[in-house]
>>> print(open('final-v2.cif').read())   # mmCIF, C-alpha atoms and all ligand atoms
data_work
#
loop_
_atom_site.label_atom_id
_atom_site.label_comp_id
_atom_site.auth_asym_id
_atom_site.auth_seq_id
_atom_site.Cartn_x
_atom_site.Cartn_y
_atom_site.Cartn_z
CA MET A 30 2.99 101.60 25.99
CA ILE A 31 0.23 101.79 23.37
CA PRO A 32 -1.66 104.87 24.59
CA VAL A 33 -5.43 105.04 24.82
CA PHE A 34 -5.23 107.97 22.48
CA GLU A 35 -2.65 109.83 20.43
CA PRO A 36 -3.57 112.88 18.33
CA ASP A 37 -2.80 112.76 14.60
CA ILE A 38 -1.08 116.11 14.00
CA GLY A 39 1.19 116.72 11.05
CA ASP A 40 2.79 119.36 8.86
CA LEU A 41 -0.59 120.68 7.72
CA GLU A 42 -1.55 121.68 11.27
CA ILE A 43 1.93 123.01 12.07
CA GLN A 44 1.92 125.18 8.98
CA ALA A 45 -1.62 126.45 9.61
CA VAL A 46 -0.81 127.45 13.20
CA THR A 47 2.48 129.08 12.16
CA GLU A 48 0.75 131.13 9.49
CA ALA A 49 -1.97 132.23 11.93
CA LEU A 50 0.74 133.35 14.38
CA ARG A 51 2.46 135.31 11.60
CA ARG A 52 -0.85 137.02 10.84
CA GLY A 53 -1.08 138.02 14.51
CA GLU A 54 -4.12 135.84 15.22
CA ILE A 55 -3.04 135.04 18.73
CA SER A 56 -6.19 136.01 20.63
CA GLY A 57 -9.86 135.37 20.19
CA SER A 58 -10.88 138.80 19.00
CA PHE A 59 -8.96 139.35 15.75
CA GLY A 60 -8.70 137.90 12.28
CA SER A 61 -10.86 135.79 10.03
CA THR A 62 -9.82 132.26 10.98
CA ILE A 63 -12.31 131.81 13.83
CA PRO A 64 -15.34 132.70 11.64
CA LYS A 65 -13.92 130.48 8.85
CA PHE A 66 -13.64 127.53 11.22
CA GLU A 67 -17.13 128.21 12.57
CA GLU A 68 -18.54 128.30 9.05
CA ALA A 69 -16.77 125.14 7.89
CA PHE A 70 -17.91 123.16 10.89
CA THR A 71 -21.53 124.38 10.85
CA THR A 72 -21.78 123.55 7.14
CA PHE A 73 -20.56 120.04 7.92
CA VAL A 74 -23.18 119.55 10.65
CA GLY A 75 -25.92 121.36 8.73
CA VAL A 76 -26.67 124.11 11.26
CA LYS A 77 -26.81 127.87 10.70
CA HIS A 78 -24.56 129.32 13.42
CA GLY A 79 -21.38 128.16 15.13
CA VAL A 80 -19.82 129.94 18.10
CA ALA A 81 -16.30 128.72 18.83
CA MET A 82 -15.43 128.40 22.53
CA SER A 83 -12.34 127.65 24.59
CA SER A 84 -13.40 124.02 25.34
CA GLY A 85 -16.27 121.57 25.24
CA THR A 86 -16.85 122.32 28.91
CA THR A 87 -17.21 126.07 28.35
CA ALA A 88 -19.37 125.42 25.25
CA LEU A 89 -21.80 123.47 27.45
CA HIS A 90 -21.58 126.09 30.19
CA ALA A 91 -22.41 128.91 27.77
CA ALA A 92 -25.22 126.92 26.13
CA VAL A 93 -26.97 126.23 29.46
CA SER A 94 -26.35 129.83 30.50
CA ALA A 95 -28.03 131.05 27.29
CA MET A 96 -31.15 129.12 28.33
CA GLU A 97 -31.32 131.21 31.52
CA ILE A 98 -32.46 128.51 33.92
CA GLN A 99 -33.49 129.57 37.42
CA PRO A 100 -31.85 128.19 40.59
CA GLY A 101 -33.21 124.74 41.39
CA GLU A 102 -34.69 124.05 37.97
CA GLU A 103 -33.98 120.56 36.70
CA VAL A 104 -32.14 119.32 33.63
CA LEU A 105 -32.22 115.67 32.56
CA VAL A 106 -28.72 114.45 31.72
CA SER A 107 -27.31 111.10 30.55
CA ALA A 108 -26.07 109.35 33.70
CA SER A 109 -23.06 107.94 31.87
CA THR A 110 -21.05 110.96 30.73
CA ASN A 111 -18.03 113.13 31.36
CA ILE A 112 -18.53 115.39 34.37
CA ALA A 113 -18.47 118.44 32.06
CA THR A 114 -22.09 117.76 31.06
CA ALA A 115 -23.34 118.04 34.64
CA LEU A 116 -20.96 120.89 35.49
CA ALA A 117 -22.71 123.07 32.91
CA VAL A 118 -25.96 122.62 34.84
CA TYR A 119 -24.34 122.90 38.27
CA HIS A 120 -22.48 126.14 37.57
CA ASN A 121 -25.71 127.65 36.22
CA ARG A 122 -27.35 126.73 39.55
CA GLY A 123 -29.58 124.07 38.02
CA VAL A 124 -30.08 120.53 39.31
CA THR A 125 -28.81 117.58 37.27
CA VAL A 126 -31.23 114.65 37.15
CA ALA A 127 -29.41 111.54 35.95
CA VAL A 128 -31.12 109.39 33.34
CA ASP A 129 -30.07 105.75 33.37
CA SER A 130 -28.47 104.16 30.30
CA GLU A 131 -30.04 101.86 27.74
CA VAL A 132 -28.68 98.33 27.76
CA GLN A 133 -28.35 98.37 23.97
CA THR A 134 -26.82 101.77 23.12
CA TRP A 135 -25.36 102.84 26.51
CA ASN A 136 -27.04 106.22 25.88
CA LEU A 137 -29.79 107.74 28.02
CA ASN A 138 -32.86 105.54 28.34
CA LEU A 139 -35.63 106.98 26.19
CA ASP A 140 -38.23 104.69 27.80
CA GLN A 141 -37.40 106.18 31.19
CA LEU A 142 -37.08 109.82 30.16
CA GLU A 143 -40.73 110.85 30.30
CA SER A 144 -41.30 109.42 33.78
CA LEU A 145 -38.56 111.73 35.15
CA ILE A 146 -40.11 114.97 33.89
CA THR A 147 -41.57 117.22 36.62
CA PRO A 148 -42.90 120.80 36.54
CA ARG A 149 -39.33 121.88 37.44
CA THR A 150 -37.77 120.19 34.39
CA LYS A 151 -36.58 122.70 31.78
CA GLY A 152 -34.33 120.81 29.43
CA ILE A 153 -32.49 117.67 28.40
CA ILE A 154 -28.79 117.18 27.65
CA PRO A 155 -28.37 113.89 25.79
CA VAL A 156 -24.80 112.66 25.24
CA HIS A 157 -23.85 110.66 22.16
CA LEU A 158 -21.61 108.37 24.18
CA TYR A 159 -18.36 107.10 22.64
CA GLY A 160 -19.63 108.17 19.22
CA HIS A 161 -22.91 106.22 19.15
CA PRO A 162 -25.82 108.61 18.59
CA VAL A 163 -28.92 108.91 20.75
CA ASP A 164 -32.11 108.27 18.78
CA MET A 165 -32.73 112.00 18.42
CA ASP A 166 -35.99 111.59 16.47
CA ARG A 167 -37.53 109.88 19.50
CA LEU A 168 -35.90 112.23 21.99
CA MET A 169 -37.03 115.41 20.20
CA ALA A 170 -40.61 114.11 20.05
CA ILE A 171 -40.59 113.67 23.85
CA ALA A 172 -38.96 117.09 24.40
CA ASP A 173 -41.41 118.87 22.10
CA LYS A 174 -44.39 117.18 23.74
CA HIS A 175 -43.29 118.56 27.13
CA GLY A 176 -41.95 121.94 25.95
CA LEU A 177 -38.35 121.18 26.99
CA TRP A 178 -35.22 122.51 25.35
CA VAL A 179 -32.49 120.14 24.17
CA ILE A 180 -28.74 120.74 24.15
CA GLU A 181 -26.92 117.87 22.46
CA ASP A 182 -23.54 117.00 23.97
CA CYS A 183 -21.64 116.04 20.81
CA ALA A 184 -18.17 116.09 22.36
CA GLU A 185 -17.66 112.48 21.23
CA SER A 186 -19.82 112.32 18.11
CA HIS A 187 -18.43 114.48 15.27
CA GLY A 188 -19.92 113.00 12.12
CA ALA A 189 -22.20 110.43 13.79
CA THR A 190 -25.67 110.28 12.27
CA VAL A 191 -29.25 109.27 13.12
CA ARG A 192 -31.11 107.97 10.04
CA GLY A 193 -28.57 109.88 7.95
CA ARG A 194 -28.90 113.17 9.84
CA MET A 195 -25.92 114.59 11.74
CA THR A 196 -25.80 114.61 15.52
CA GLY A 197 -25.71 118.24 16.55
CA SER A 198 -28.46 119.27 14.14
CA PHE A 199 -31.47 118.22 16.24
CA GLY A 200 -31.47 120.19 19.50
CA GLN A 201 -31.89 123.94 20.06
CA MET A 202 -28.14 123.91 20.57
CA SER A 203 -25.34 121.37 20.32
CA CYS A 204 -21.90 121.44 21.90
CA PHE A 205 -18.74 119.96 20.44
CA SER A 206 -15.30 119.49 22.00
CA PHE A 207 -12.00 119.79 20.16
CA TYR A 208 -9.86 118.51 23.04
CA ALA A 209 -6.68 116.59 22.12
CA ASN A 210 -8.38 113.20 22.08
CA LYS A 211 -11.47 114.24 20.11
CA ILE A 212 -12.23 113.32 16.47
CA ILE A 213 -10.78 116.65 15.38
CA THR A 214 -8.73 118.75 17.77
CA THR A 215 -7.62 122.32 18.36
CA GLY A 216 -5.68 121.29 21.50
CA GLU A 217 -8.30 122.83 23.75
CA GLY A 218 -11.47 124.10 22.14
CA GLY A 219 -15.17 123.69 21.57
CA MET A 220 -18.14 125.06 19.66
CA VAL A 221 -21.85 125.67 20.22
CA LEU A 222 -24.07 125.26 17.17
CA THR A 223 -27.60 126.59 16.79
CA ASN A 224 -30.14 127.50 14.12
CA ASP A 225 -31.59 130.20 16.38
CA ASP A 226 -30.35 133.72 15.54
CA ARG A 227 -31.18 135.05 19.00
CA LEU A 228 -29.35 132.24 20.80
CA ALA A 229 -26.30 132.67 18.53
CA GLU A 230 -26.17 136.36 19.38
CA ARG A 231 -26.49 135.56 23.08
CA LEU A 232 -23.70 132.98 22.90
CA ARG A 233 -21.38 135.46 21.16
CA LEU A 234 -22.17 138.00 23.87
CA LEU A 235 -21.53 135.54 26.72
CA ARG A 236 -18.29 134.28 25.12
CA ASN A 237 -16.71 137.71 25.04
CA LEU A 238 -17.31 139.14 28.54
CA ALA A 239 -20.72 140.41 27.38
CA PHE A 240 -19.21 143.55 25.88
CA THR A 241 -21.87 145.85 24.44
CA LYS A 242 -22.02 149.58 23.87
CA PRO A 243 -20.77 151.70 25.43
CA ARG A 244 -17.72 149.48 25.88
CA PHE A 245 -16.94 148.60 29.51
CA ARG A 246 -20.54 148.95 30.68
CA HIS A 247 -22.05 145.46 31.03
CA GLU A 248 -25.76 144.59 31.10
CA VAL A 249 -25.18 140.89 31.82
CA PRO A 250 -22.39 138.86 33.41
CA GLY A 251 -20.40 137.20 30.61
CA TYR A 252 -17.39 134.93 30.42
CA ASN A 253 -14.11 134.79 28.61
CA PHE A 254 -14.70 131.56 26.71
CA ARG A 255 -12.90 132.71 23.54
CA MET A 256 -10.98 130.34 21.29
CA THR A 257 -7.73 131.74 19.90
CA GLY A 258 -7.09 132.37 16.20
CA TYR A 259 -4.25 129.87 15.98
CA GLN A 260 -6.41 127.19 17.56
CA ALA A 261 -9.06 127.87 14.91
CA ALA A 262 -6.33 127.58 12.25
CA MET A 263 -5.43 124.17 13.62
CA GLY A 264 -9.14 123.32 13.68
CA LEU A 265 -9.47 124.17 9.99
CA ALA A 266 -6.48 121.99 9.12
CA GLN A 267 -7.92 119.11 11.15
CA PHE A 268 -11.35 119.71 9.67
CA SER A 269 -9.95 119.23 6.15
CA ARG A 270 -9.16 115.64 7.25
CA ILE A 271 -12.37 114.90 9.19
CA GLU A 272 -13.69 112.33 6.72
CA HIS A 273 -10.37 110.48 6.93
CA PHE A 274 -10.54 110.45 10.75
CA ILE A 275 -14.12 109.15 10.75
CA GLU A 276 -13.30 106.42 8.23
CA ARG A 277 -10.24 105.49 10.24
CA LYS A 278 -12.30 105.20 13.45
CA ARG A 279 -14.80 102.98 11.70
CA TRP A 280 -12.02 100.83 10.26
CA MET A 281 -10.48 100.57 13.75
CA ALA A 282 -13.80 99.39 15.23
CA GLN A 283 -14.38 96.84 12.46
CA THR A 284 -10.88 95.49 12.94
CA TYR A 285 -11.28 95.19 16.72
CA ASN A 286 -14.73 93.62 16.23
CA ARG A 287 -13.28 91.04 13.87
CA TYR A 288 -10.52 90.00 16.27
CA LEU A 289 -12.70 90.06 19.40
CA ALA A 290 -15.92 88.56 17.98
CA ASP A 291 -15.29 85.07 19.34
CA VAL A 292 -13.75 86.02 22.68
CA PRO A 293 -16.15 84.73 25.37
CA GLY A 294 -17.39 87.36 27.82
CA VAL A 295 -16.49 90.43 25.75
CA GLN A 296 -19.44 92.57 24.67
CA LEU A 297 -18.61 94.61 21.58
CA PRO A 298 -19.72 98.24 21.06
CA PRO A 299 -23.20 98.86 19.65
CA GLU A 300 -24.28 100.17 16.29
CA MET A 301 -28.05 100.29 15.86
CA PRO A 302 -29.49 99.84 12.34
CA TRP A 303 -30.56 103.54 12.24
CA ALA A 304 -27.21 104.82 13.53
CA LYS A 305 -23.73 105.62 12.28
CA ASN A 306 -21.32 105.20 15.17
CA VAL A 307 -18.04 107.12 14.81
CA TYR A 308 -16.38 105.10 17.60
CA TRP A 309 -14.68 108.02 19.31
CA MET A 310 -13.30 105.36 21.64
CA TYR A 311 -13.49 101.60 21.13
CA ALA A 312 -15.44 100.59 24.23
CA ILE A 313 -16.26 97.08 25.43
CA LEU A 314 -17.94 95.45 28.42
CA VAL A 315 -16.42 92.59 30.41
CA LYS A 316 -19.15 90.08 31.21
CA PRO A 317 -19.08 87.46 33.99
CA GLU A 318 -18.15 84.70 31.48
CA PHE A 319 -14.82 86.43 30.82
CA GLY A 320 -11.97 84.81 32.73
CA CYS A 321 -11.37 87.73 35.10
CA SER A 322 -12.81 91.08 36.23
CA ARG A 323 -12.61 94.32 34.25
CA ASP A 324 -10.05 95.71 36.71
CA GLN A 325 -7.87 92.60 36.44
CA LEU A 326 -8.06 92.80 32.65
CA MET A 327 -6.96 96.46 32.71
CA GLU A 328 -4.11 95.63 35.07
CA LYS A 329 -2.85 92.80 32.89
CA LEU A 330 -3.17 94.89 29.73
CA SER A 331 -1.14 97.60 31.42
CA GLN A 332 1.59 95.07 32.29
CA ALA A 333 1.66 94.15 28.58
CA GLY A 334 2.13 97.81 27.61
CA ILE A 335 -1.49 98.48 26.62
CA GLU A 336 -3.24 101.45 28.15
CA SER A 337 -6.99 101.32 28.72
CA ARG A 338 -9.54 103.39 30.61
CA THR A 339 -12.79 102.71 32.50
CA PHE A 340 -16.22 104.02 31.51
CA PHE A 341 -17.46 107.17 33.26
CA CYS A 342 -18.56 107.20 36.90
CA PRO A 343 -22.28 107.99 36.49
CA MET A 344 -23.77 111.31 37.50
CA ASN A 345 -26.04 109.72 40.14
CA GLN A 346 -22.88 108.76 42.07
CA GLN A 347 -21.03 112.11 41.97
CA PRO A 348 -20.56 113.35 45.56
CA PHE A 349 -20.88 117.09 44.83
CA LEU A 350 -24.08 116.56 42.82
CA ARG A 351 -25.55 114.39 45.57
CA ALA A 352 -24.76 117.13 48.11
CA GLN A 353 -26.56 119.80 46.08
CA ALA A 354 -29.89 121.20 47.34
CA GLY A 355 -32.74 119.63 45.37
CA PHE A 356 -30.77 116.50 44.41
CA ARG A 357 -33.08 113.73 43.18
CA GLU A 358 -32.18 110.11 43.80
CA VAL A 359 -32.78 108.23 40.56
CA PRO A 360 -31.61 104.63 40.44
CA CYS A 361 -29.30 104.03 37.47
CA PRO A 362 -28.49 100.31 37.60
CA VAL A 363 -27.39 100.09 33.96
CA ALA A 364 -25.05 103.11 34.15
CA ASP A 365 -23.71 101.76 37.45
CA ARG A 366 -22.92 98.44 35.76
CA LEU A 367 -21.27 100.17 32.77
CA TRP A 368 -19.00 102.03 35.18
CA LEU A 369 -17.95 98.75 36.81
CA THR A 370 -17.61 96.54 33.74
CA GLY A 371 -16.78 98.85 30.83
CA LEU A 372 -13.41 99.89 29.47
CA TYR A 373 -12.05 101.37 26.32
CA LEU A 374 -9.04 100.14 24.46
CA PRO A 375 -6.47 102.22 22.52
CA SER A 376 -8.44 104.14 19.90
CA SER A 377 -6.07 106.46 18.09
CA CYS A 378 -6.47 107.00 14.34
CA LEU A 379 -2.76 106.15 14.10
CA LEU A 380 -3.25 102.55 15.32
CA THR A 381 -2.06 99.87 12.92
CA GLU A 382 -3.72 96.52 12.27
CA GLU A 383 -0.72 94.81 13.91
CA GLN A 384 -1.25 96.83 17.08
CA ILE A 385 -4.97 96.03 17.15
CA HIS A 386 -4.16 92.36 16.64
CA PHE A 387 -1.57 92.50 19.45
CA ILE A 388 -4.12 94.12 21.82
CA CYS A 389 -6.90 91.64 20.97
CA ASP A 390 -4.52 88.72 21.33
CA HIS A 391 -3.75 89.87 24.86
CA VAL A 392 -7.43 90.32 25.71
CA ARG A 393 -8.11 86.77 24.47
CA ARG A 394 -5.21 85.24 26.38
CA ILE A 395 -6.01 87.13 29.59
CA GLY A 396 -9.59 85.81 29.35
CA GLN A 397 -8.21 82.26 29.02
CA GLY A 398 -6.10 82.81 32.14
CA LYS A 399 -2.84 82.69 30.17
C1 LIG B 401 -19.29 113.85 26.73
C2 LIG B 401 -18.31 114.95 26.98
N1 LIG B 401 -18.78 116.19 27.23
C3 LIG B 401 -17.95 117.21 27.46
C4 LIG B 401 -16.58 117.05 27.43
C5 LIG B 401 -15.71 118.22 27.74
O1 LIG B 401 -14.95 118.67 26.68
P1 LIG B 401 -13.56 119.45 26.95
O2 LIG B 401 -12.57 118.46 27.43
O3 LIG B 401 -13.22 120.02 25.61
O4 LIG B 401 -13.83 120.53 27.94
C6 LIG B 401 -16.06 115.78 27.14
C7 LIG B 401 -14.63 115.47 27.04
O5 LIG B 401 -13.67 115.91 27.30
C8 LIG B 401 -16.94 114.72 26.91
O6 LIG B 401 -16.46 113.49 26.66
#
>>> encode(input="final-v2.cif", output="structure tokens")
Amino acid sequence: MIPVFEPDIGDLEIQAVTEALRRGEISGSFGSTIPKFEEAFTTFVGVKHGVAMSSGTTALHAAVSAMEIQPGEEVLVSASTNIATALAVYHNRGVTVAVDSEVQTWNLNLDQLESLITPRTKGIIPVHLYGHPVDMDRLMAIADKHGLWVIEDCAESHGATVRGRMTGSFGQMSCFSFYANKIITTGEGGMVLTNDDRLAERLRLLRNLAFTKPRFRHEVPGYNFRMTGYQAAMGLAQFSRIEHFIERKRWMAQTYNRYLADVPGVQLPPEMPWAKNVYWMYAILVKPEFGCSRDQLMEKLSQAGIESRTFFCPMNQQPFLRAQAGFREVPCPVADRLWLTGLYLPSSCLLTEEQIHFICDHVRRIGQGK
């Protein structure tokens, strides 16, 4: 089976983790590797502070928590995203309001955004889906006009840019994931980035059980969202190869695009003229002209030893969000369609041209009913 994703981990990572273990950096409270990883990554993105967390999910949770929303206050969130984005709002007792997707970029619809703002709206969490950035210049102008905070969900967009500027450098905070299938990985891990000194301090407090002085007397309820030292060591090793991973992703997408360009009924992933897409996953849509449905295509690919995965089930359809007090019904026809017709193909940086050719050949033949 060609897996949807396979991490690229080698001797560099193994050595870095081993050395961190030998230095005793097994927890999140000791050693210098965590601050080194935070500094390297924030320099890359162009933001002042980085606070490493135990996952992308906990990074988002801590970021929303640092904004201190009140129960029932609303946060606008891309409809098409991983559930972690909405969970950060839910567990902070806020209400997720789903924003439908744009036809062109599959990201949240910036023409629709303003019409969804109410007096209860406090912030926006845009997601740079599958590595294609949101037009953050436009989004920040809308947020600033209405006095809303912005937390960028960059779990899938390490290195993606908007008019040359890095995703993760626009909002008050941005959250990255270093899960196994992300552009760089620490196994499990995440980071919140911010230029705001006060928010950075708050995030560090929340991450570490909100310990202050005197120790063991707590002013606020914190979390244990600490990354471990050996994970940070792996992060640094992966970070030293980040440009290679990004180039490899872009090569993968160009190669897929070349082989799939003339397959009827396959819509290729977007890249707007102002954007650099890092193609976290190579995602396509199956249109009616294709010879069979998306589900049939996935089934036949699987029979041929090719793993694939559907797009996300949109936030407007999530049962526990719909059951929440204050839930707002917002139609999301585009996100609904993406969920039904989208899939991503194997997207590992280790893929060879032969494998991509093999996969595309199967997609073509399945579309022709062969
Ligand atoms: C858009 C998005 N946000 C958040 C997350 C959560 O990150 P993690 O798996 O590190 O908790 C993911 C992926 O896993 C994601 O794709």
>>> closest_residue(input="final-v2.cif", among="A:Ala290, A:Leu330, A:Ala189, A:Ile146", to="Met165 of chain A", atoms="only C-alpha atoms")
A:Ala189
>>> closest_atom_pairs(input="final-v2.cif", of="chain A", to="ligand LIG 401 (chain B)", cutoff="8 Å", atoms="all atoms listed in the file", output="Markdown table")
| residue | atom | partner | partner_atom | distance |
| --- | --- | --- | --- | --- |
| A:Ser83 | CA | B:LIG401 | O3 | 7.7 |
| A:Ser84 | CA | B:LIG401 | O3 | 4.0 |
| A:Gly85 | CA | B:LIG401 | O3 | 3.4 |
| A:Thr86 | CA | B:LIG401 | O4 | 3.6 |
| A:Thr87 | CA | B:LIG401 | O4 | 6.5 |
| A:Ala88 | CA | B:LIG401 | O4 | 7.9 |
| A:Leu89 | CA | B:LIG401 | C3 | 7.3 |
| A:Thr110 | CA | B:LIG401 | C1 | 5.2 |
| A:Asn111 | CA | B:LIG401 | C2 | 4.8 |
| A:Ile112 | CA | B:LIG401 | C3 | 7.2 |
| A:Ala113 | CA | B:LIG401 | C3 | 4.8 |
| A:Thr114 | CA | B:LIG401 | N1 | 5.3 |
| A:Val156 | CA | B:LIG401 | C1 | 5.8 |
| A:His157 | CA | B:LIG401 | C1 | 7.2 |
| A:Leu158 | CA | B:LIG401 | C1 | 6.5 |
| A:Tyr159 | CA | B:LIG401 | O6 | 7.8 |
| A:Asp182 | CA | B:LIG401 | N1 | 5.8 |
| A:Cys183 | CA | B:LIG401 | C1 | 6.7 |
| A:Ala184 | CA | B:LIG401 | C2 | 4.8 |
| A:Glu185 | CA | B:LIG401 | O6 | 5.7 |
| A:Phe205 | CA | B:LIG401 | O1 | 7.4 |
| A:Ser206 | CA | B:LIG401 | O3 | 4.2 |
| A:Phe207 | CA | B:LIG401 | O3 | 5.6 |
| A:Tyr208 | CA | B:LIG401 | O3 | 4.5 |
| A:Asn210 | CA | B:LIG401 | O5 | 7.9 |
| A:Lys211 | CA | B:LIG401 | O5 | 7.7 |
| A:Glu217 | CA | B:LIG401 | O3 | 6.0 |
| A:Gly218 | CA | B:LIG401 | O3 | 5.6 |
| A:Gly219 | CA | B:LIG401 | O3 | 5.8 |
>>> atom_distance(input="final-v2.cif", atom1="atom CA of Ala304 of chain A", atom2="atom CA of Asn224 of chain A")
22.9 Å
>>> closest_residue(input="final-v2.cif", among="A:Ala115, A:Glu131, A:Leu228, A:Phe66", to="Val363 of chain A", atoms="only C-alpha atoms")
A:Glu131
>>> closest_residue(input="final-v2.cif", among="A:Phe319, A:Tyr288, A:Phe349, A:Phe341", to="Glu383 of chain A", atoms="all atoms listed in the file")
A:Tyr288
>>> closest_residue(input="final-v2.cif", among="A:Leu139, A:Ala108, A:Val249, A:Leu232", to="Leu367 of chain A", atoms="all atoms listed in the file")
A:Ala108
>>> residues_around(input="final-v2.cif", residues="Ala69 of chain A", least_positions_apart="5", cutoff="9 Å", atoms="only C-alpha atoms", output="VMD selection string")
chain A and resid 64 74 265 268
>>> residues_around(input="final-v2.cif", residues="Arg338 of chain A", least_positions_apart="2", cutoff="12 Å", atoms="only C-alpha atoms", output="list in words")
Pro32, Val33, Phe34, Met310, Tyr311, Ala312, Ile313, Leu314, Arg323, Asp324, Leu326, Met327, Glu328, Leu330, Ser331, Ile335, Glu336, Phe340, Phe341, Cys342, Trp368, Leu369, Thr370, Gly371, Leu372, Tyr373, Leu374, Pro375 and Ser376 of chain A
>>> atom_distance(input="final-v2.cif", atom1="atom CA of Thr62 of chain A", atom2="atom CA of Gly216 of chain A")
15.8 Å
>>> residues_near_point(input="final-v2.cif", point="(-27.5, 122.4, 33.1)", cutoff="12 Å", atoms="all atoms listed in the file", output="PyMOL selection string")
chain A and resi 86-107+112-127+150-155+178-182+350
>>> closest_residue(input="final-v2.cif", among="A:Leu297, A:Ala261, A:Met195, A:Ile213", to="Val80 of chain A", atoms="only C-alpha atoms")
A:Ala261
>>> residues_near_point(input="final-v2.cif", point="(-22.7, 111.9, 13.5)", cutoff="9 Å", atoms="all atoms listed in the file", output="ChimeraX atom specification")
/A:74,157,160-162,183,186-191,193-197,304-307
>>> closest_residue(input="final-v2.cif", among="A:Lys65, A:Arg52, A:His273, A:Lys329", to="Val392 of chain A", atoms="only C-alpha atoms")
A:Lys329
>>> atom_distance(input="final-v2.cif", atom1="atom CA of Asp37 of chain A", atom2="atom CA of Ala209 of chain A")
9.3 Å
>>> residues_around(input="final-v2.cif", residues="segment 280-285 of chain A", least_positions_apart="4", cutoff="9 Å", atoms="all atoms listed in the file", output="list in words")
Ile275, Glu276, Leu289, Ala290, Leu297, Pro298, Val307, Tyr308, Met310, Tyr311, Ser376, Ser377, Cys378, Leu380, Thr381, Glu382, Ile385, His386, Ile388 and Cys389 of chain A
>>> axis_aligned_box(input="final-v2.cif", around="segment 129-145 of chain A", padding_each_side="6 Å", output="JSON")
{"center_x": -33.3, "center_y": 105.0, "center_z": 29.1, "size_x": 27.9, "size_y": 25.4, "size_z": 24.0}
>>> residues_around(input="final-v2.cif", residues="segment 41-43 of chain A", least_positions_apart="4", cutoff="12 Å", atoms="all atoms listed in the file", output="number ranges by chain")
A: 36-37, 47-50, 213-216, 259-270
>>> decode(input="final-v2.cif", residues="segment 99-111 of chain A", atoms="N, CA and C atoms", output="JSON list (two decimals), in the first residue's frame")
[["chain", "number", "residue", "atom", "x", "y", "z"],
["A", 99, "GLN", "N", -15.69, 34.81, 26.79],
["A", 99, "GLN", "CA", -16.74, 34.52, 27.77],
["A", 99, "GLN", "C", -17.69, 33.47, 27.20],
["A", 100, "PRO", "N", -18.35, 32.69, 28.08],
["A", 100, "PRO", "CA", -19.27, 31.66, 27.57],
["A", 100, "PRO", "C", -20.28, 32.25, 26.59],
["A", 101, "GLY", "N", -20.44, 31.59, 25.47],
["A", 101, "GLY", "CA", -21.44, 32.00, 24.48],
["A", 101, "GLY", "C", -20.92, 33.00, 23.46],
["A", 102, "GLU", "N", -19.72, 33.53, 23.65],
["A", 102, "GLU", "CA", -19.18, 34.44, 22.65],
["A", 102, "GLU", "C", -18.79, 33.64, 21.39],
["A", 103, "GLU", "N", -18.87, 34.33, 20.25],
["A", 103, "GLU", "CA", -18.73, 33.61, 18.98],
["A", 103, "GLU", "C", -17.35, 33.80, 18.34],
["A", 104, "VAL", "N", -16.90, 32.73, 17.70],
["A", 104, "VAL", "CA", -15.64, 32.77, 16.95],
["A", 104, "VAL", "C", -15.92, 32.22, 15.55],
["A", 105, "LEU", "N", -15.52, 32.99, 14.54],
["A", 105, "LEU", "CA", -15.72, 32.56, 13.16],
["A", 105, "LEU", "C", -14.58, 31.63, 12.76],
["A", 106, "VAL", "N", -14.93, 30.47, 12.24],
["A", 106, "VAL", "CA", -13.94, 29.42, 11.95],
["A", 106, "VAL", "C", -14.18, 28.88, 10.54],
["A", 107, "SER", "N", -13.12, 28.59, 9.82],
["A", 107, "SER", "CA", -13.27, 27.94, 8.50],
["A", 107, "SER", "C", -14.14, 26.70, 8.66],
["A", 108, "ALA", "N", -15.16, 26.56, 7.83],
["A", 108, "ALA", "CA", -16.03, 25.37, 7.93],
["A", 108, "ALA", "C", -15.23, 24.10, 7.63],
["A", 109, "SER", "N", -14.38, 24.18, 6.61],
["A", 109, "SER", "CA", -13.63, 23.00, 6.21],
["A", 109, "SER", "C", -12.30, 22.98, 6.96],
["A", 110, "THR", "N", -12.25, 22.21, 8.03],
["A", 110, "THR", "CA", -11.03, 22.10, 8.83],
["A", 110, "THR", "C", -11.06, 20.85, 9.68],
["A", 111, "ASN", "N", -9.91, 20.56, 10.28],
["A", 111, "ASN", "CA", -9.81, 19.49, 11.27],
["A", 111, "ASN", "C", -10.61, 19.92, 12.51]]
